[in-house]
Amino acid sequence: MRIVVFLLLSTFAFAQKQTIYGKVYFENETVSAAVLYFSSSKKTYSTYTNSEGSFEVQLPVGDYILKAEFLGQKAKTQTISISERTQRLDITLEEDLLGLDEIVVSATRNRVNKKEAPIIVNTLGNKLINATQALAVSESLNYSPGVRVETNCQNCGFTQVRLNGLDGSYSQILVNSRAVYSALTSVYGLEQIPTQIIDRVEIVRSGGSALFGSNAIAGTINIITKDPVLNTWEVGGYLGLLDGDTPDRTLSFNTSIVADDLKSGATFFGFLRDRDAWDANGDGFTEVVELNNTTFGTKLYYKPTDLSRLSLDATVIDEYRRGGNRLDLAPHLTDITEELDHKTILGGLAYDFSNKKGDKNYSLYSSVQHTDRDSYYGGLGGERTAQDSLLALNAYGNTKDLAIANGLQFTKNWKRDILTTGVEYNYSRTEDNILGYNRLIDQNVNTFGAYAQFEWKPTEKFSALLGSRLDHITVDGSYTIGSINRNVDISQTTLNPRLTIAYNITDDIKFRGGYARGFRAPQAFNEDLHISSVGGEPQFVILSNDLEAEFSNAFTGSLNFTKEFDTMQTNFLLEGFYTSLEDPFTLVSTGVQLSNGSIVEEVRNGQGARVYGANLEFGVSPSKKWLFQLGGTLQRSQYNEDQVLFESDGTVPNETDVLVSEFVRNPNVYGYLNVNWNPVDRFQASVTGTYTGKMTVPLVVSDTGFLSLNESPSFFDMNITTETHFDLSDDFQITLNAGVKNLFNSIQDDFQVGPTRDSDYVYGPAFPRSVFIGVKIGKFH
């Protein structure tokens, strides 16, 4: 009987809940919105700190592992014992200088500690953005292994990002984890999104991101916008002078309002950019285009209950860019002009909720992007005839582009294992019409996707991630240029598996390895929507009649060493990658000229290719005063058989087929450097830079599109930034910064000149040496 009573009393004592309360601190200041997890052998409880940094939670008596997390701070883990009385618990966090304990979502489509993730995720956050003084997302992406952003046109400033040696059409660009970046938006979109609205950018290289879409062959770039966390406001201005005299001006503001109970919040932001055109060689034609960007947006959330969250984000972008010559005249009165006026709306709505136990989580979301673009692509080569003038007047065009992403995701958590499943419907519609050239792209793409992923953790050291995505895609496209018309009408279903394993060899060394299958259906991608100027005439891209789907097989393996020595953080990553491409889409200059003089390029299936190499990353922070980061890539990108870049029709003397064995515009070596010095709280200095090795760059040398293959020199683009701030009160701060970008003026020295230039013959850093100053005022923290 005594045993029964004892057991009953013990059960009652264990079931009895006690109050735990306290505060979370960082550098003697309280931290609001910090998340705390209390994990027992049976259940995990969670709570968060309020606007004063306080928390209170009721827990059953017993032993727990407490984990406290906040953005930019090290995760704090400790074992606690809850007794039969109210307890106070204060927690002090430390700065995570190398970002090793960041929470990421791009690895598994769930929140996970970056160091514990089974897939390598690189993050670019505010610290790096401040160090580089990047104004747009495109200017900061180079500071990650395996990533390189390049400019591809002197007349319009078209940029694309390459991951592991593959061009932009092989990458999936996400906004807040949603695939609403269409083929058209990708052409200029990375330069349209200001860094001011960015919380961080998460990058997954190779096919490890297959659950976000089968066309993420090279990887995924996930742009996460800022959430309202604290009550803050900020107004800032920036003035840069390209080559010492060409102004680049910005004005920005943002403000966040958060309820005291943290159940609702809103962020509002605005960004204005006005950049003049820059001419490198005095020929009257642009190398850096004129740019005007106006961006406004908001991000809001509301928590109906502690177990649910409704969030909304919306961004409006109005961007005008123009390049060529005689920028003060109407486009049709110039020798060469590319003019684009984008009006883009991006938005998303999501509802996330979970059960009381917290082991079942649901996410229902819908996102949309719509772009209306007015354009002008005029090429007259400086020789004006009556026919030229008529064509020039009809070279105005319009593009309408719509992308919609809808989905439902379900996640089930066991003690260690996690099951993630979901369904998605993505739709895109692009209509690009230029009457004067009889140019029309009319394309509809529907994708129904379903995915499942199981993360198995049989031991603390080993985990395996097995997943697959099933996509049914239909493409209905009509592609016309001049008298040439092509059509795509396909319906195809593909299953793309992914397998990743991770093993902790020691507490400090982690091995990761993986395989992923990828797929791209025949359709117009970003570069196919870009029009370049050659010989004073436009050069158009069209799909071949018999274009077939492209498949890929991607393999990765890595060793990651992370360790803390007292106050020093260290991180070392060595990653190998190998991707094979079956029937890859390749661009061939056909030598065909239309009756109006336009040059035609055709997308065809190649004979296969492989991209392989290694990424290296090293970081060390001896103390909060110093941070050193270095990263680089060694790679090769080869075709299985020599690939035709220019196909001669045999009618022009001395013009024969031009073949290559390796990808063009693709250096075998590239990397970055980042050094931060913070001697006192109010001052810091940064030295950053990117290295681009030699590469083969094609140059069109005749009006048929005939090519010569030139080898570019190597470049080192180095920046120096200094910043100081003054805390005039708890609610008002001032930050001043100044510096030099591209200190050594490492830039291309053989730009083509005049109206007949090849506008795509661009390589190396995008901007010349530039000086800048900036100021911000407001309540930053």
# chains A, B, ... in the order shown; residues from 1 in each chain; ligands from 1
call {"tool": "closest_atom_pairs", "arguments": {"of": "range 599-647 of chain A", "to": "range 657-674 of chain A", "cutoff": "7 Å", "atoms": "only C-alpha atoms", "output": "Markdown table"}}
result
| residue | atom | partner | partner_atom | distance |
| --- | --- | --- | --- | --- |
| A:Phe628 | CA | A:Asn674 | CA | 6.0 |
| A:Gln629 | CA | A:Asn674 | CA | 5.0 |
| A:Leu630 | CA | A:Leu673 | CA | 4.7 |
| A:Gly631 | CA | A:Tyr672 | CA | 5.4 |
| A:Gly632 | CA | A:Gly671 | CA | 3.7 |
| A:Thr633 | CA | A:Tyr670 | CA | 5.5 |
| A:Leu634 | CA | A:Val669 | CA | 4.9 |
| A:Gln635 | CA | A:Asn668 | CA | 4.9 |
| A:Arg636 | CA | A:Asn668 | CA | 5.8 |
| A:Ser637 | CA | A:Glu662 | CA | 5.6 |
| A:Gln638 | CA | A:Glu662 | CA | 4.2 |
| A:Tyr639 | CA | A:Ser661 | CA | 5.5 |
| A:Glu641 | CA | A:Ser661 | CA | 6.7 |
| A:Asp642 | CA | A:Ser661 | CA | 4.6 |
| A:Gln643 | CA | A:Leu659 | CA | 5.3 |
| A:Val644 | CA | A:Leu659 | CA | 4.5 |
| A:Leu645 | CA | A:Val658 | CA | 5.6 |
| A:Phe646 | CA | A:Val658 | CA | 5.0 |
| A:Glu647 | CA | A:Asp657 | CA | 4.8 |
call {"tool": "write_last_selection", "arguments": {"atoms": "N, CA and C atoms", "output": "compact mmCIF listing (two decimals), in the first residue's frame"}}
result
# COMPACT_ATOMS: atom_id res chain seq x y z
N PHE A 628 38.04 37.20 -39.67
CA PHE A 628 38.71 36.91 -40.93
C PHE A 628 37.94 35.81 -41.64
N GLN A 629 37.60 36.02 -42.91
CA GLN A 629 36.94 35.01 -43.72
C GLN A 629 37.57 34.97 -45.11
N LEU A 630 37.75 33.76 -45.60
CA LEU A 630 38.37 33.55 -46.90
C LEU A 630 37.67 32.37 -47.57
N GLY A 631 37.32 32.52 -48.82
CA GLY A 631 36.66 31.43 -49.54
C GLY A 631 37.08 31.41 -50.99
N GLY A 632 36.99 30.25 -51.60
CA GLY A 632 37.37 30.16 -53.00
C GLY A 632 36.87 28.88 -53.64
N THR A 633 36.96 28.85 -54.96
CA THR A 633 36.49 27.72 -55.76
C THR A 633 37.52 27.37 -56.82
N LEU A 634 37.81 26.07 -56.94
CA LEU A 634 38.59 25.52 -58.05
C LEU A 634 37.67 24.59 -58.81
N GLN A 635 37.53 24.77 -60.12
CA GLN A 635 36.55 23.98 -60.85
C GLN A 635 36.93 23.83 -62.32
N ARG A 636 36.26 22.90 -62.97
CA ARG A 636 36.31 22.73 -64.41
C ARG A 636 34.89 22.51 -64.91
N SER A 637 34.58 23.08 -66.08
CA SER A 637 33.27 22.91 -66.70
C SER A 637 33.50 22.49 -68.14
N GLN A 638 33.24 21.21 -68.43
CA GLN A 638 33.63 20.64 -69.71
C GLN A 638 32.46 19.97 -70.42
N TYR A 639 32.46 20.07 -71.74
CA TYR A 639 31.51 19.32 -72.56
C TYR A 639 32.07 17.94 -72.84
N GLU A 641 31.66 16.35 -75.58
CA GLU A 641 32.19 16.51 -76.92
C GLU A 641 32.26 18.00 -77.23
N ASP A 642 33.16 18.38 -78.14
CA ASP A 642 33.28 19.79 -78.48
C ASP A 642 31.93 20.37 -78.88
N GLN A 643 31.62 21.54 -78.31
CA GLN A 643 30.32 22.17 -78.52
C GLN A 643 30.42 23.32 -79.52
N VAL A 644 29.45 23.38 -80.44
CA VAL A 644 29.42 24.44 -81.43
C VAL A 644 28.88 25.72 -80.79
N LEU A 645 29.66 26.83 -80.88
CA LEU A 645 29.18 28.14 -80.46
C LEU A 645 28.70 28.96 -81.64
N PHE A 646 29.40 28.80 -82.77
CA PHE A 646 28.99 29.49 -84.01
C PHE A 646 28.96 28.47 -85.13
N GLU A 647 27.83 28.48 -85.85
CA GLU A 647 27.65 27.52 -86.94
C GLU A 647 27.66 28.27 -88.27
call {"tool": "residues_around", "arguments": {"residues": "range 277-290 of chain A", "least_positions_apart": "4", "cutoff": "8 Å", "atoms": "only C-alpha atoms", "output": "CSV table (one decimal) with C-alpha atoms, in the first residue's frame"}}
result
chain,number,residue,atom,x,y,z
A,154,GLN,CA,26.8,47.1,-71.6
A,155,ASN,CA,23.5,48.4,-72.8
A,156,CYS,CA,21.1,47.2,-70.1
A,157,GLY,CA,23.2,45.9,-67.2
A,242,LEU,CA,31.9,55.9,-59.9
A,246,THR,CA,29.6,59.6,-61.8
A,321,ARG,CA,17.2,51.6,-66.8
A,322,ARG,CA,18.7,52.8,-70.0
A,323,GLY,CA,22.0,52.3,-71.8
A,324,GLY,CA,23.6,53.0,-75.2
A,325,ASN,CA,24.3,56.5,-76.4
A,326,ARG,CA,22.5,59.9,-76.6
A,751,PHE,CA,35.5,47.4,-73.9
A,753,VAL,CA,33.5,51.0,-78.8
A,754,GLY,CA,30.9,52.6,-81.1
A,755,PRO,CA,27.4,51.6,-82.3
A,766,ALA,CA,30.9,45.6,-62.7
A,767,PHE,CA,32.0,49.0,-61.5
call {"tool": "atom_distance", "arguments": {"atom1": "CA of Phe618 in chain A", "atom2": "CA of Phe565 in chain A"}}
result
15.6 Å
call {"tool": "closest_residue", "arguments": {"among": "A:Gln133, A:Arg429, A:Gln748, A:Asp476", "to": "Thr692 in chain A", "atoms": "only C-alpha atoms"}}
result
A:Gln748
call {"tool": "atom_distance", "arguments": {"atom1": "CA of Val701 in chain A", "atom2": "CA of Asp760 in chain A"}}
result
11.9 Å
call {"tool": "residues_around", "arguments": {"residues": "Asn737 in chain A", "least_positions_apart": "5", "cutoff": "8 Å", "atoms": "only C-alpha atoms", "output": "PyMOL selection string"}}
result
chain A and resi 721-724+773-775
call {"tool": "write_last_selection", "arguments": {"atoms": "N, CA and C atoms", "output": "compact mmCIF listing (two decimals), in the first residue's frame"}}
result
# COMPACT_ATOMS: atom_id res chain seq x y z
N THR A 721 36.06 49.90 -46.16
CA THR A 721 34.92 50.60 -45.57
C THR A 721 35.22 50.93 -44.11
N THR A 722 34.88 52.12 -43.69
CA THR A 722 34.98 52.50 -42.28
C THR A 722 33.61 52.98 -41.81
N GLU A 723 33.33 52.73 -40.54
CA GLU A 723 32.02 53.10 -39.99
C GLU A 723 32.17 53.50 -38.53
N THR A 724 31.47 54.54 -38.15
CA THR A 724 31.42 54.94 -36.75
C THR A 724 29.98 55.29 -36.39
N ILE A 773 30.18 57.91 -49.36
CA ILE A 773 29.90 58.29 -47.98
C ILE A 773 28.43 57.96 -47.72
N GLY A 774 28.12 57.70 -46.45
CA GLY A 774 26.74 57.37 -46.10
C GLY A 774 26.42 57.78 -44.68
N VAL A 775 25.15 57.97 -44.40
CA VAL A 775 24.71 58.34 -43.06
C VAL A 775 23.38 57.66 -42.78
call {"tool": "residues_around", "arguments": {"residues": "range 363-366 of chain A", "least_positions_apart": "4", "cutoff": "6 Å", "atoms": "only C-alpha atoms", "output": "list in words"}}
result
Gly348, Leu349, Ala350, Tyr351, Asp352, Ala405, Asn406, Gly407, Leu408 and Gln409 of chain A
call {"tool": "closest_residue", "arguments": {"among": "A:Pro228, A:Gly422, A:Gly22, A:Pro538", "to": "Glu56 in chain A", "atoms": "only C-alpha atoms"}}
result
A:Gly22
call {"tool": "closest_residue", "arguments": {"among": "A:Phe158, A:Tyr515, A:Phe448, A:Trp233", "to": "Leu465 in chain A", "atoms": "only C-alpha atoms"}}
result
A:Tyr515
